[in-house]
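Participant: Got a file for you: upload_36.csv, CSV, C-alpha atoms.
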chain,number,residue,atom,x,y,z
A,2,MET,CA,-18.0,26.0,-6.9
A,3,ALA,CA,-16.2,22.9,-5.6
A,4,VAL,CA,-17.2,19.5,-6.9
A,5,ASN,CA,-18.5,17.2,-4.1
A,6,LEU,CA,-16.1,14.3,-4.3
A,7,ASP,CA,-17.6,11.9,-1.7
A,8,ALA,CA,-14.5,9.7,-1.7
A,9,LEU,CA,-15.6,7.7,1.3
A,10,ARG,CA,-19.0,6.8,-0.1
A,11,PRO,CA,-19.0,3.0,-0.5
A,12,GLY,CA,-20.2,3.3,-4.2
A,13,PHE,CA,-17.2,5.4,-5.0
A,14,THR,CA,-14.8,2.9,-3.4
A,15,ASP,CA,-16.4,0.1,-5.4
A,16,ASP,CA,-15.7,1.9,-8.7
A,17,PRO,CA,-13.9,5.3,-8.5
A,18,TYR,CA,-12.5,5.1,-12.0
A,19,SER,CA,-15.6,6.2,-13.9
A,20,VAL,CA,-15.9,9.3,-11.7
A,21,LEU,CA,-12.2,10.1,-12.0
A,22,LYS,CA,-12.3,9.6,-15.7
A,23,SER,CA,-15.0,12.3,-16.1
A,24,LEU,CA,-13.0,14.7,-14.0
A,25,ARG,CA,-9.7,13.9,-15.8
A,26,GLU,CA,-11.3,14.5,-19.2
A,27,ALA,CA,-12.9,17.7,-18.0
A,28,GLY,CA,-9.5,19.1,-16.8
A,29,PRO,CA,-6.2,18.4,-15.1
A,30,VAL,CA,-7.1,20.1,-11.8
A,31,HIS,CA,-10.4,20.6,-10.0
A,32,ARG,CA,-11.6,22.4,-6.9
A,33,VAL,CA,-13.3,19.6,-4.9
A,34,GLU,CA,-14.7,19.0,-1.4
A,35,THR,CA,-14.3,15.7,0.2
A,36,LEU,CA,-15.1,14.7,3.8
A,37,GLY,CA,-16.1,18.3,4.2
A,38,VAL,CA,-12.6,19.6,3.4
A,39,PRO,CA,-12.0,21.8,0.4
A,40,MET,CA,-8.9,20.8,-1.7
A,41,TRP,CA,-7.5,20.7,-5.2
A,42,LEU,CA,-7.7,17.3,-7.1
A,43,VAL,CA,-5.0,16.6,-9.6
A,44,THR,CA,-6.0,14.0,-12.1
A,45,ARG,CA,-3.6,13.5,-15.0
A,46,TYR,CA,-0.4,11.4,-15.1
A,47,PRO,CA,2.2,14.0,-15.9
A,48,ASP,CA,0.8,16.5,-13.4
A,49,VAL,CA,0.5,13.9,-10.6
A,50,ARG,CA,4.0,12.6,-11.3
A,51,ALA,CA,5.6,16.0,-11.2
A,52,ALA,CA,3.6,17.0,-8.1
A,53,LEU,CA,4.8,14.0,-6.2
A,54,ASP,CA,8.4,15.4,-6.3
A,55,ASN,CA,7.6,19.1,-6.3
A,56,PRO,CA,9.3,20.8,-3.3
A,57,LEU,CA,6.6,23.5,-3.2
A,58,LEU,CA,4.2,20.8,-2.1
A,59,SER,CA,4.8,19.7,1.4
A,60,SER,CA,4.2,16.4,3.2
A,61,HIS,CA,4.7,18.0,6.6
A,62,GLY,CA,1.5,18.0,8.6
A,63,SER,CA,2.1,20.7,11.1
A,64,ALA,CA,0.9,24.2,10.4
A,65,LEU,CA,0.1,23.4,6.7
A,66,ALA,CA,-2.3,20.7,7.7
A,67,GLU,CA,-4.4,23.0,9.9
A,68,PRO,CA,-7.5,22.6,7.6
A,69,LEU,CA,-7.5,18.9,8.7
A,70,ARG,CA,-7.1,19.4,12.4
A,71,GLY,CA,-9.9,17.9,14.3
A,72,HIS,CA,-11.2,15.8,11.4
A,73,PRO,CA,-11.4,12.2,12.5
A,74,HIS,CA,-10.2,10.8,9.2
A,75,PHE,CA,-7.0,13.0,9.1
A,76,ALA,CA,-6.2,14.2,12.5
A,77,SER,CA,-4.3,11.1,13.9
A,78,TRP,CA,-2.1,10.8,10.9
A,79,TRP,CA,-0.8,14.4,10.9
A,80,PHE,CA,-1.2,15.4,14.5
A,81,GLY,CA,-1.1,12.1,16.5
A,82,ASP,CA,1.6,10.8,18.7
A,83,LEU,CA,2.8,8.5,15.9
A,84,SER,CA,3.1,11.1,13.3
A,85,ASP,CA,6.9,11.5,13.2
A,86,HIS,CA,7.4,9.3,10.1
A,87,MET,CA,8.8,9.7,6.6
A,88,MET,CA,5.4,10.1,4.9
A,89,ASN,CA,4.7,13.1,7.1
A,90,SER,CA,8.0,15.0,6.7
A,91,ASP,CA,10.1,17.1,4.3
A,92,ALA,CA,13.8,17.6,3.9
A,93,PRO,CA,16.0,17.7,5.9
A,94,ASP,CA,14.0,15.6,8.4
A,95,HIS,CA,12.8,13.3,5.7
A,96,THR,CA,16.3,12.9,4.4
A,97,ARG,CA,17.6,11.9,7.8
A,98,LEU,CA,14.8,9.5,8.6
A,99,ARG,CA,15.0,7.9,5.1
A,100,ARG,CA,18.8,7.4,5.3
A,101,ALA,CA,18.5,5.8,8.7
A,102,VAL,CA,15.8,3.3,7.7
A,103,SER,CA,17.4,2.5,4.3
A,104,SER,CA,20.6,1.6,6.1
A,105,GLU,CA,18.8,-1.3,7.7
A,106,LEU,CA,15.9,-2.1,5.4
A,107,THR,CA,18.3,-3.2,2.7
A,108,THR,CA,17.7,-5.3,-0.4
A,109,ARG,CA,19.9,-8.0,1.2
A,110,ARG,CA,17.6,-8.1,4.3
A,111,ILE,CA,14.5,-8.2,2.2
A,112,THR,CA,15.8,-10.9,-0.1
A,113,ALA,CA,16.8,-13.0,2.9
A,114,LEU,CA,13.1,-13.1,3.8
A,115,ARG,CA,12.1,-15.1,0.7
A,116,PRO,CA,12.4,-18.6,2.2
A,117,ARG,CA,10.3,-17.6,5.2
A,118,ILE,CA,7.7,-15.9,3.0
A,119,GLU,CA,7.5,-19.0,0.8
A,120,GLN,CA,7.1,-21.2,3.9
A,121,LEU,CA,4.3,-19.0,5.2
A,122,ALA,CA,2.5,-18.8,1.9
A,123,ALA,CA,2.6,-22.6,1.5
A,124,SER,CA,1.4,-23.2,5.0
A,125,LEU,CA,-1.6,-20.8,4.5
A,126,ALA,CA,-2.5,-22.5,1.2
A,127,ASP,CA,-2.3,-25.9,3.0
A,128,SER,CA,-4.9,-24.6,5.5
A,129,PHE,CA,-7.6,-24.1,2.9
A,130,ALA,CA,-6.4,-26.3,0.1
A,131,ASP,CA,-9.0,-29.1,0.7
A,132,SER,CA,-11.9,-26.8,1.3
A,133,GLY,CA,-12.6,-25.9,-2.3
A,134,GLY,CA,-13.1,-22.2,-1.3
A,135,CYS,CA,-12.0,-19.5,1.1
A,136,ASP,CA,-12.0,-15.8,1.8
A,137,LEU,CA,-8.8,-15.0,0.1
A,138,ILE,CA,-8.2,-11.8,2.2
A,139,ALA,CA,-8.8,-13.3,5.7
A,140,ASP,CA,-7.2,-16.7,4.9
A,141,PHE,CA,-4.3,-15.7,2.7
A,142,ALA,CA,-3.7,-12.1,1.6
A,143,ALA,CA,-3.8,-10.6,5.1
A,144,PRO,CA,-2.1,-13.2,7.4
A,145,LEU,CA,0.9,-13.5,5.0
A,146,PRO,CA,2.2,-9.9,5.2
A,147,ILE,CA,1.2,-9.1,8.8
A,148,THR,CA,3.2,-12.2,9.9
A,149,VAL,CA,6.2,-11.1,7.8
A,150,LEU,CA,5.9,-7.6,9.3
A,151,MET,CA,5.7,-8.7,12.9
A,152,GLU,CA,8.8,-10.9,12.4
A,153,LEU,CA,10.6,-8.1,10.6
A,154,LEU,CA,9.8,-5.6,13.4
A,155,GLY,CA,10.6,-8.2,16.1
A,156,VAL,CA,7.2,-8.4,17.7
A,157,PRO,CA,7.5,-11.3,20.3
A,158,ALA,CA,5.2,-14.3,19.5
A,159,VAL,CA,3.3,-13.8,22.7
A,160,ASP,CA,2.2,-10.3,21.5
A,161,GLN,CA,1.4,-11.1,17.9
A,162,GLU,CA,-2.3,-11.9,18.4
A,163,ASN,CA,-2.9,-8.4,19.9
A,164,PHE,CA,-0.7,-6.8,17.4
A,165,ARG,CA,-2.6,-8.4,14.5
A,166,TYR,CA,-5.9,-7.2,16.0
A,167,TRP,CA,-4.7,-3.6,16.3
A,168,ALA,CA,-3.4,-3.8,12.7
A,169,ASP,CA,-6.6,-5.1,11.4
A,170,VAL,CA,-8.8,-2.5,13.2
A,171,VAL,CA,-6.6,0.5,12.5
A,172,THR,CA,-6.4,-0.4,8.7
A,173,GLY,CA,-10.1,-1.2,8.4
A,174,LEU,CA,-9.6,-4.9,7.7
A,175,ALA,CA,-11.7,-5.7,10.8
A,176,ASP,CA,-14.4,-3.9,12.7
A,177,GLY,CA,-13.6,-2.3,16.1
A,178,ASP,CA,-12.8,1.0,17.8
A,179,ALA,CA,-10.0,2.3,15.6
A,180,SER,CA,-9.2,5.1,18.0
A,181,SER,CA,-8.7,2.7,21.0
A,182,ALA,CA,-6.8,0.3,18.8
A,183,ARG,CA,-4.4,3.0,17.7
A,184,GLU,CA,-3.9,4.2,21.2
A,185,GLU,CA,-3.1,0.7,22.4
A,186,ALA,CA,-0.8,0.1,19.5
A,187,SER,CA,1.0,3.4,20.3
A,188,GLY,CA,1.6,2.4,23.8
A,189,TYR,CA,2.8,-1.0,22.8
A,190,LEU,CA,5.2,0.3,20.1
A,191,ARG,CA,6.7,2.8,22.5
A,192,ASP,CA,7.3,0.0,25.1
A,193,LEU,CA,8.7,-2.2,22.3
A,194,VAL,CA,11.2,0.5,21.2
A,195,VAL,CA,12.4,0.9,24.8
A,196,HIS,CA,12.9,-2.8,25.1
A,197,LYS,CA,14.8,-3.0,21.8
A,198,ARG,CA,17.3,-0.4,23.0
A,199,THR,CA,19.0,-3.0,25.2
A,200,SER,CA,17.7,-6.3,23.9
A,201,GLY,CA,20.4,-6.9,21.3
A,202,ASP,CA,17.8,-8.3,18.9
A,203,ASN,CA,18.8,-8.2,15.2
A,204,ASP,CA,15.4,-7.4,13.8
A,205,LEU,CA,14.7,-4.1,12.1
A,206,ILE,CA,13.6,-2.1,15.2
A,207,GLY,CA,16.4,-3.7,17.2
A,208,ALA,CA,19.0,-2.7,14.7
A,209,LEU,CA,17.6,0.9,14.3
A,210,ALA,CA,17.4,1.2,18.1
A,211,ARG,CA,21.1,0.6,18.4
A,212,ALA,CA,22.1,3.0,15.7
A,213,THR,CA,24.3,6.0,16.6
A,214,GLY,CA,25.3,9.3,15.1
A,215,GLU,CA,23.1,10.6,12.3
A,216,ALA,CA,21.3,7.3,12.1
A,217,ALA,CA,20.1,7.5,15.7
A,218,LEU,CA,16.3,7.9,16.0
A,219,THR,CA,14.3,9.0,19.0
A,220,ASP,CA,11.8,6.7,20.7
A,221,GLY,CA,9.0,8.7,19.1
A,222,GLU,CA,10.5,8.4,15.6
A,223,LEU,CA,11.1,4.7,16.0
A,224,ALA,CA,7.5,4.1,17.2
A,225,SER,CA,6.2,6.2,14.3
A,226,LEU,CA,8.3,4.2,11.8
A,227,ALA,CA,6.9,0.9,13.2
A,228,PHE,CA,3.4,2.4,12.9
A,229,LEU,CA,4.0,3.5,9.3
A,230,LEU,CA,5.2,0.0,8.4
A,231,LEU,CA,2.2,-1.4,10.2
A,232,VAL,CA,-0.3,0.7,8.3
A,233,ALA,CA,1.3,1.3,4.9
A,234,GLY,CA,3.4,-1.9,4.6
A,235,TYR,CA,0.5,-4.2,5.7
A,236,THR,CA,-2.3,-2.8,3.5
A,237,THR,CA,-0.1,-2.4,0.4
A,238,ALA,CA,0.7,-6.1,0.3
A,239,VAL,CA,-2.9,-7.1,1.1
A,240,ASP,CA,-4.3,-4.9,-1.6
A,241,LEU,CA,-1.7,-5.9,-4.2
A,242,VAL,CA,-2.8,-9.6,-3.8
A,243,GLY,CA,-6.5,-8.9,-3.3
A,244,ASN,CA,-7.0,-6.3,-6.0
A,245,GLY,CA,-4.8,-8.2,-8.3
A,246,VAL,CA,-6.6,-11.5,-7.9
A,247,LEU,CA,-10.0,-9.7,-8.4
A,248,ALA,CA,-8.7,-8.1,-11.6
A,249,LEU,CA,-7.6,-11.5,-12.9
A,250,LEU,CA,-11.0,-13.1,-12.0
A,251,ARG,CA,-12.8,-10.3,-13.9
A,252,ASN,CA,-10.5,-10.7,-16.9
A,253,PRO,CA,-10.3,-14.5,-17.3
A,254,GLU,CA,-8.3,-14.4,-20.5
A,255,GLN,CA,-5.5,-12.6,-18.6
A,256,LEU,CA,-5.7,-15.3,-15.8
A,257,GLU,CA,-5.5,-18.0,-18.4
A,258,LEU,CA,-2.5,-16.3,-20.0
A,259,LEU,CA,-0.7,-16.0,-16.7
A,260,GLN,CA,-1.5,-19.7,-15.9
A,261,ARG,CA,0.0,-20.7,-19.2
A,262,SER,CA,3.2,-18.6,-18.8
A,263,SER,CA,4.4,-17.9,-15.3
A,264,SER,CA,7.3,-16.0,-16.8
A,265,LEU,CA,4.8,-13.1,-17.2
A,266,LEU,CA,4.4,-12.8,-13.4
A,267,PRO,CA,6.9,-10.0,-12.8
A,268,GLY,CA,5.2,-7.8,-15.4
A,269,ALA,CA,1.8,-8.9,-14.2
A,270,ILE,CA,2.7,-7.6,-10.7
A,271,GLU,CA,3.5,-4.2,-12.1
A,272,GLU,CA,0.3,-4.2,-14.1
A,273,PHE,CA,-1.8,-5.0,-11.0
A,274,LEU,CA,-0.1,-2.1,-9.2
A,275,ARG,CA,-1.0,0.2,-12.1
A,276,PHE,CA,-4.5,-1.1,-12.8
A,277,ASP,CA,-5.9,-1.1,-9.3
A,278,GLY,CA,-3.1,-0.1,-7.0
A,279,PRO,CA,-3.2,0.0,-3.2
A,280,THR,CA,-2.7,3.7,-2.9
A,281,SER,CA,-5.4,5.7,-4.6
A,282,HIS,CA,-4.8,9.3,-3.4
A,283,VAL,CA,-1.9,11.2,-1.7
A,284,LEU,CA,-2.3,14.4,0.2
A,285,ARG,CA,0.1,17.3,-0.1
A,286,PHE,CA,0.0,20.9,1.2
A,287,ALA,CA,1.0,24.0,-0.8
A,288,ALA,CA,3.9,25.5,1.1
A,289,GLN,CA,4.0,28.4,-1.5
A,290,PRO,CA,1.7,29.4,-4.4
A,291,VAL,CA,2.2,26.7,-7.0
A,292,THR,CA,0.9,26.2,-10.6
A,293,ILE,CA,-0.3,22.7,-11.6
A,294,GLY,CA,-1.9,21.9,-14.9
A,295,GLY,CA,-2.2,25.7,-15.6
A,296,VAL,CA,-4.1,26.2,-12.4
A,297,GLN,CA,-2.8,28.6,-9.7
A,298,ILE,CA,-3.1,27.0,-6.2
A,299,PRO,CA,-2.7,29.4,-3.2
A,300,ALA,CA,-0.3,28.8,-0.4
A,301,GLY,CA,-1.7,26.8,2.4
A,302,ASP,CA,-4.3,24.9,0.3
A,303,VAL,CA,-4.7,21.1,0.5
A,304,VAL,CA,-3.8,19.2,-2.7
A,305,LEU,CA,-5.1,15.7,-3.4
A,306,LEU,CA,-3.0,13.8,-6.0
A,307,SER,CA,-5.1,11.1,-7.6
A,308,LEU,CA,-2.8,8.2,-8.4
A,309,ALA,CA,-5.9,6.2,-9.3
A,310,SER,CA,-6.8,8.7,-11.9
A,311,ALA,CA,-3.2,9.1,-13.2
A,312,GLU,CA,-2.8,5.4,-13.6
A,313,HIS,CA,-5.8,5.3,-15.9
A,314,ASP,CA,-4.8,8.3,-18.0
A,315,SER,CA,-5.2,7.1,-21.6
A,316,ALA,CA,-2.8,9.8,-22.8
A,317,ARG,CA,-0.1,7.9,-20.9
A,318,TYR,CA,-1.3,4.3,-21.2
A,319,PRO,CA,-3.0,3.0,-24.3
A,320,ARG,CA,-6.3,1.3,-23.4
A,321,ALA,CA,-5.6,2.3,-19.8
A,322,ASP,CA,-8.9,0.9,-18.5
A,323,GLN,CA,-8.0,-2.6,-19.7
A,324,LEU,CA,-5.9,-5.1,-17.7
A,325,ASN,CA,-2.9,-6.2,-19.8
A,326,ILE,CA,-0.3,-8.3,-18.0
A,327,GLU,CA,2.0,-8.0,-21.1
A,328,ARG,CA,2.0,-4.2,-21.0
A,329,ALA,CA,5.5,-2.8,-21.8
A,330,ASP,CA,5.2,0.5,-19.9
A,331,ARG,CA,5.8,-0.3,-16.2
A,332,GLN,CA,6.5,3.2,-15.0
A,333,HIS,CA,3.5,3.4,-12.7
A,334,LEU,CA,3.2,5.6,-9.6
A,335,ALA,CA,1.8,3.0,-7.2
A,336,PHE,CA,4.9,3.4,-5.0
A,337,GLY,CA,5.1,7.1,-5.5
A,338,HIS,CA,7.9,9.0,-7.2
A,339,GLY,CA,10.9,11.0,-6.2
A,340,MET,CA,12.1,11.5,-2.6
A,341,HIS,CA,9.0,9.8,-1.2
A,342,PHE,CA,9.3,6.7,-3.3
A,343,CYS,CA,8.2,3.8,-1.0
A,344,LEU,CA,11.2,2.1,0.7
A,345,GLY,CA,9.0,-1.0,1.3
A,346,ALA,CA,8.3,-1.5,-2.5
A,347,PRO,CA,10.8,-4.4,-2.8
A,348,LEU,CA,9.2,-6.2,0.1
A,349,ALA,CA,5.7,-5.7,-1.3
A,350,ARG,CA,6.8,-6.9,-4.7
A,351,LEU,CA,8.4,-10.0,-3.1
A,352,GLU,CA,5.4,-10.8,-1.1
A,353,GLY,CA,3.1,-10.3,-4.1
A,354,GLU,CA,5.3,-12.5,-6.3
A,355,VAL,CA,5.4,-15.4,-3.8
A,356,ALA,CA,1.6,-15.0,-3.1
A,357,PHE,CA,0.6,-15.2,-6.7
A,358,ARG,CA,3.0,-18.0,-7.5
A,359,THR,CA,1.7,-20.0,-4.6
A,360,LEU,CA,-2.0,-19.4,-5.7
A,361,LEU,CA,-1.3,-20.3,-9.3
A,362,SER,CA,0.5,-23.4,-8.4
A,363,ARG,CA,-2.0,-24.7,-5.9
A,364,CYS,CA,-5.5,-23.5,-7.0
A,365,ALA,CA,-7.0,-24.6,-10.3
A,366,GLY,CA,-10.1,-23.1,-11.7
A,367,LEU,CA,-9.9,-20.1,-9.4
A,368,THR,CA,-13.3,-18.4,-9.5
A,369,LEU,CA,-15.1,-15.5,-7.8
A,370,ASP,CA,-17.8,-16.9,-5.4
A,371,THR,CA,-20.7,-14.7,-6.4
A,372,ALA,CA,-22.9,-16.2,-3.8
A,373,GLN,CA,-21.1,-14.1,-1.2
A,374,PRO,CA,-20.5,-10.3,-1.4
A,375,LEU,CA,-17.2,-8.6,-1.9
A,376,GLY,CA,-16.2,-6.3,1.0
A,377,TRP,CA,-14.4,-3.0,0.4
A,378,ARG,CA,-12.5,-1.0,2.9
A,379,VAL,CA,-13.6,2.6,2.7
A,380,SER,CA,-10.7,5.0,2.7
A,381,LEU,CA,-9.6,8.2,0.9
A,382,GLY,CA,-5.9,7.1,0.6
A,383,SER,CA,-6.2,3.4,-0.3
A,384,ARG,CA,-8.6,1.1,-2.1
A,385,GLY,CA,-8.7,-2.5,-1.0
A,386,LEU,CA,-10.9,-5.5,-0.2
A,387,ARG,CA,-11.9,-6.7,3.2
A,388,ALA,CA,-13.3,-9.9,1.8
A,389,LEU,CA,-12.7,-11.8,-1.5
A,390,PRO,CA,-14.7,-15.1,-1.6
A,391,VAL,CA,-13.3,-17.6,-4.1
A,392,THR,CA,-13.7,-21.2,-5.1
A,393,PHE,CA,-11.1,-23.5,-6.7
A,394,ARG,CA,-9.9,-27.0,-7.3
A,395,THR,CA,-6.8,-28.2,-5.5
A,396,LYS,CA,-3.6,-28.8,-7.4
A,397,PRO,CA,-0.8,-31.0,-6.0
A,398,ALA,CA,1.7,-28.9,-4.2
A,399,MET,CA,4.7,-28.0,-6.3
A,400,PRO,CA,8.1,-28.1,-4.5
A,401,LEU,CA,9.2,-24.6,-3.8
A,402,ASP,CA,12.6,-25.1,-5.3
A,403,GLU,CA,10.9,-25.9,-8.7
A,404,GLN,CA,9.1,-22.5,-8.7
A,405,ALA,CA,10.9,-19.8,-10.7
A,406,THR,CA,11.8,-16.7,-8.8
A,407,ILE,CA,12.4,-13.1,-9.7
A,408,LYS,CA,14.9,-10.6,-8.3
A,409,VAL,CA,13.8,-8.0,-5.8
A,410,PRO,CA,14.0,-4.6,-7.6
A,411,LYS,CA,15.9,-1.9,-5.8
A,412,PRO,CA,14.0,1.3,-4.9
A,413,SER,CA,14.5,4.0,-7.6
The structure given in the file should be rewritten as structure tokens.

Facilitator:
Amino acid sequence: MAVNLDALRPGFTDDPYSVLKSLREAGPVHRVETLGVPMWLVTRYPDVRAALDNPLLSSHGSALAEPLRGHPHFASWWFGDLSDHMMNSDAPDHTRLRRAVSSELTTRRITALRPRIEQLAASLADSFADSGGCDLIADFAAPLPITVLMELLGVPAVDQENFRYWADVVTGLADGDASSAREEASGYLRDLVVHKRTSGDNDLIGALARATGEAALTDGELASLAFLLLVAGYTTAVDLVGNGVLALLRNPEQLELLQRSSSLLPGAIEEFLRFDGPTSHVLRFAAQPVTIGGVQIPAGDVVLLSLASAEHDSARYPRADQLNIERADRQHLAFGHGMHFCLGAPLARLEGEVAFRTLLSRCAGLTLDTAQPLGWRVSLGSRGLRALPVTFRTKPAMPLDEQATIKVPKPS
């Protein structure tokens, strides 16, 4: 009998780790039902890591995703008009799409964004510095990456208010009709791609729109790429900051340690990603019969890889349920593994580093405001906050050129 894993129940989102720990300790693979869909849940680090790069497990959501067709939570991602993206493809299509994007989303392009990201972070901090408190998601963690993304994609300033609204509703950061927001975003992105074909703009979409040969992408592929960056790129950065700050506030000794030694920040970023990372579960489809953790999974079945469970596997990480910003093992799975390793990981790390450095330099006595409730986004694939109320004392602004920086890691 399948275990009922009600992954969209708010209580599960608040604390999935205790449920996942029980399943992980009971066995590496479980037959579960979530959102009314039967699937196989993979719980342990070595099995999840191997499965992420197993060619017998497909990411392609055509025929293999039939069990999800018509389900409101899954249908638009695998069957919608913006589904021609890298996360929803296998080789050779995935190889072609990834090569085209990586030719423009380079380490050099991302590194060049640092001054602008620092400027945005400082400006956002200035806006709430004298208030003694804020909603860290709405006032800081969300506007920072969405502004960076809009500028990276080349969204004109006149359209950015609408674009931000669509992004917030589609990702669950704000209330609204997600289906309508997605439809409006789809139409806008397709029009934007057509415009970029001849605009001569040097932003990411403009550069990709002018590519020729093997790097040339169709209008649908470019619009789907922009949508992928909008959804995955946005929420990853928001959740890295939001979940990371919450983890520090719940572990004040770790916050104090980081405040005393900012040189620990690069390692702290990696620990935030492991401890409560943005991506909690990844879906795959068994293209052929496959054995995982000693369990035979039939062809055509849906497989749910639990990154959240794997990252808390005590067989891999000593005291895995404890936040430790000095942890030496940084080989987490927050950005995936293998051919689907996230191309946007360097940008997320850069945004996270600048965000935390800005907060640590500007906000003293950072404390969770328990008089106001936390707000969680309810999602199978990601775990993040909609609201994070905090209080603090204002520090004098530190000149940005006095703040130490870290190099942007290259994708593995």

Participant: Can you work out which one of A:Ser181, A:Thr199, A:Ser19, A:Asn325 has the shortest atom-to-atom distance to Leu258 of chain A, counting all atoms listed in the file?

Facilitator: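 Distance minimum relative to Leu258 of chain A lands on A:Asn325.
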
Participant: Find the residues near segment 275-288 of chain A: any atom within 6 Å, counting all atoms listed in the file, skip ones fewer than 6 places away on the same chain, and give them as a PyMOL selection string.

Facilitator: chain A and resi 57-60+237+240+300-309+312+333+335+382-384

Participant: Please measure the separation of atom CA of Thr395 of chain A and atom CA of Pro146 of chain A, giving the value in Å to one decimal.

Facilitator: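 Computing the Euclidean distance for atom CA of Thr395 of chain A and atom CA of Pro146 of chain A yields 23.0 Å.
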
Participant: Give the answer as one residue: which of A:Ser180, A:Thr44, A:Thr292, A:Ser380 has the shortest atom-to-atom distance to Gly12 of chain A, using only C-alpha atoms?

Facilitator: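 Closest residue, counting only C-alpha atoms: A:Ser380.
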
Participant: Quick one, how far is atom CA of Arg165 of chain A from atom CA of Ala143 of chain A?

Facilitator: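 According to the coordinates, atom CA of Arg165 of chain A and atom CA of Ala143 of chain A are separated by 9.7 Å.
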
Participant: From the list A:Pro290, A:Gly337, A:Pro116, A:Gly376, which residue is nearest Ala311 of chain A when using only C-alpha atoms?

Facilitator: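 Among the listed residues, the smallest separation from Ala311 of chain A belongs to A:Gly337.
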
Participant: Please check which residues have atoms at most 8 Å from (0.8, -11.2, -9.7) in the file's coordinates, counting only C-alpha atoms, and write them as an MDAnalysis selection string.

Facilitator: chainID A and resid 242 245:246 266:271 273 353:354 356:358

Participant: Restricting the calculation to all atoms listed in the file: of A:Val291, A:Leu137, A:Leu150, A:Ala227, which residue gets closest to Asp370 of chain A?

Facilitator: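 Closest residue, counting all atoms listed in the file: A:Leu137.
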